[in-house]
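J.: Pasting in a structure now, in C-alpha cells, and then I'll have a few things to ask.
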Amino acid sequence: MGIINLAKRLDEVSDSATLAISAKSKEMKRKGRSIIDLSVGEPDFDTPWSIKEAAFKAIKDGFTKYTPTAGIPELIQAICDKFKNDNQLNYGPSQIVVSVGAKQALYNAILAICNPGDEVIIPQPFWVSYPEQVKLAGATPILVSTYPEAGFRIGKNELKKKITSKTKLFILNSPCNPTGAVYSREDLSEIAEVICSHQLYLIFDEIYEKLVYEREHYSIASLGKEIEEKTITVNGLSKTYSMTGWRIGYAAGPEKIIQGMKKIQSHSTSCSNSIAQMAALSALKGPQDEVEKRREIFARRRNFIVDRLKKIEGVSCFFPQGAFYVFPDFSSFFGKRYNNWIIKNSLDLATYLLEEAGVAVVPGIAFGADHYVRLSYAASIEEIEKGLSRVEEALSLLK
Ligand SMILES: Cc1ncc(COP(=O)(O)O)c(C=O)c1O
C-alpha cells in the first residue's frame, strides 16, 4: 500500500504562529502556574443577559431547525436597518448574507471573487486569516507593509503601486487588528478613488466599528454609489456584543457577489445557527447602551496600557485609535540574552515572556510584522498592570 497524499493546499497554508504560544500557556496554567493572558482576541465581558434570554426563548419556542441560507428575514431586515442607521448604507435584503462568524463571510467573499492565480492586496500587519483564506482560494496574497509613522495605514500611492493586471481584490480592515489603526474619511476617499479607477473589488472588514475611541468610523461603501458597487462590507456580532462563541457574522454588497456567497454557504454550513440568529436579532434591535459602556471601559484600558508601556525602557508604542489591541515595537530587545535565552525574533520574545514572566502575548510574526508583539486589553486594569510589571521585570534581565 502506497502513501495517499493529502491535498497540496495544506502545504500552502501556515499553522498559526500563535498556536504554539497558546498551547504552552494552557499547559502552564493547567500545571498551576499563574499566567496573565494578554493574548486574547475577544472581549472579556459576558454576552448581555437580554441577548441570552432571546436564545432561551428560541429554544423554548422550538426554533431549532434549518433557516434560509442567508438567514432569517427578520435578522436580515435588522441588518439592513443597522446599515442605514449606523453607516448611511441602503442595502436591500437580497444584498445581505448572515454567516457563521465574520470569518466565514470573509472566506465566502474571497471564494466568490477569486480564481486561482488572482492577486489579492493585503496591508501588513494583517489579521491572521486573510492571507491564509486567499491561499485556500488558490489566489496569491500581495502584502503591503504599513508603518507606525504613517499610522499603520496604507496610502493611495502604495496601493496603486501594487495593482497589476492580475489584481482582483483588496482587503481593508478598519479599525485594524492588530494595530488599532482607524482610517479617516479622507483616507477612505483616497482609497475609494483608486479602487474605482481599477478593475478590482474591495472587502471592507469593519468588525471593530463600535470600538473606536477618538476618531469616527466610516464605512467606505457609504462614500458613493461607485465604491458601494465594488465593496463587500463585512461585520459581525462577536466583538460588539461579546458574542464570539455564538458565531454570527454578515456581509453586504453587490447582489451578484452576495448570491455567489450564498451558493457557497448553502453547500458548506447551510446557514448559521437558528438560536444564535434569534439572539443576534435581539442584540441588534435591543438597547445599545451596554455597547457604549463597554467602549468607554476599553478606552480607559487603552489609555492605561499605552501609558504603562511607554514607561518600559526600549518599548515604543503606536497609539491605537480602535479595537482592543496595542502593537508595540519590541525589536530593541532582539539580539539580547538572559541565561539560556537568546531573543532573535518576536516568537522568541513571546516565548520568553510566557516562560519567564508568565504573561501570554502574540508574536508580531503571526500578523506578518516581526518587530512587534500584540497585547490585548480585553483584561482588567489590575491584570494589565500586573502583566506589564512582570514584562518590565523580565525585559530588564535581558542584556
Ligand atoms: C479583523 C477581524 N476580522 C474578522 C474576525 C472574525 O470574527 P468572527 O468570525 O468571530 O465574527 C476577527 C476575529 O478576531 C477579526 O479580528
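Each chain of the C-alpha cells is named A, B, ... in the order shown, its residues numbered from 1; ligands are numbered from 1 in display order.
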Could you tell me, counting only C-alpha atoms and all ligand atoms, which protein and nucleic acid residues lie no more than 9 Å from ligand 1, written as a PyMOL selection string?

T.: chain A and resi 41-42+99-106+126-130+173-178+205-208+234-239+243-250+323

J.: Could you give me, as a PyMOL selection string, the residues within 7 Å of range 70-81 of chain A, counting only C-alpha atoms and dropping anything in the same chain fewer than 5 positions from it?

T.: chain A and resi 91-93+96-98+262+271-272+277+281+284-285

J.: Write down as a PyMOL selection string the residues of range 64-274 of chain A whose backbone DSSP state falls under helix (DSSP H, G or I).

T.: chain A and resi 73-87+93-95+101-113+129-136+148-150+156-162+185-196+220-223+225-228+244-246+255-266+274

J.: Need to verify the contact set: Glu356 in chain A, 9 Å, only C-alpha atoms, exclusion of same-chain residues closer than 5 positions in sequence. Can you return it as a list in words?

T.: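 My list of contacting residues is Thr351, Arg390, Val391 and Ala394 of chain A.
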
J.: Can you pull out the residues contacting Asn108 in chain A? Cut-off 10 Å, using only C-alpha atoms, and skip same-chain residues under 4 positions away; I want them as a PyMOL selection string.

T.: chain A and resi 99+102-104+112-113+133+137+251+257-258+260-265+268

J.: Out of A:Lys26, A:Arg295, A:Lys8, A:Arg308, which residue has the shortest atom-to-atom distance to Glu214 in chain A when counting only C-alpha atoms?

T.: A:Arg295

J.: Counting only C-alpha atoms, which residue out of A:Ser25, A:Thr64, A:Ser222, A:Gln321 sits closest to Arg153 in chain A?

T.: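 Of A:Ser25, A:Thr64, A:Ser222, A:Gln321, the one nearest Arg153 in chain A is A:Gln321, counting only C-alpha atoms.
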
J.: Using only C-alpha atoms, pick whichever of A:Arg302, A:Gly358, A:Val144, A:Ala109 has the shortest atom-to-atom distance to Glu27 in chain A.

T.: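 Between A:Arg302, A:Gly358, A:Val144, A:Ala109, the residue approaching Glu27 in chain A most closely is A:Gly358.
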
J.: Kindly give the distance, in Å, that separates CA of Lys256 in chain A and CA of Ile142 in chain A, rounded to a single decimal.

T.: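 Here the two named atoms are 25.2 Å from each other.
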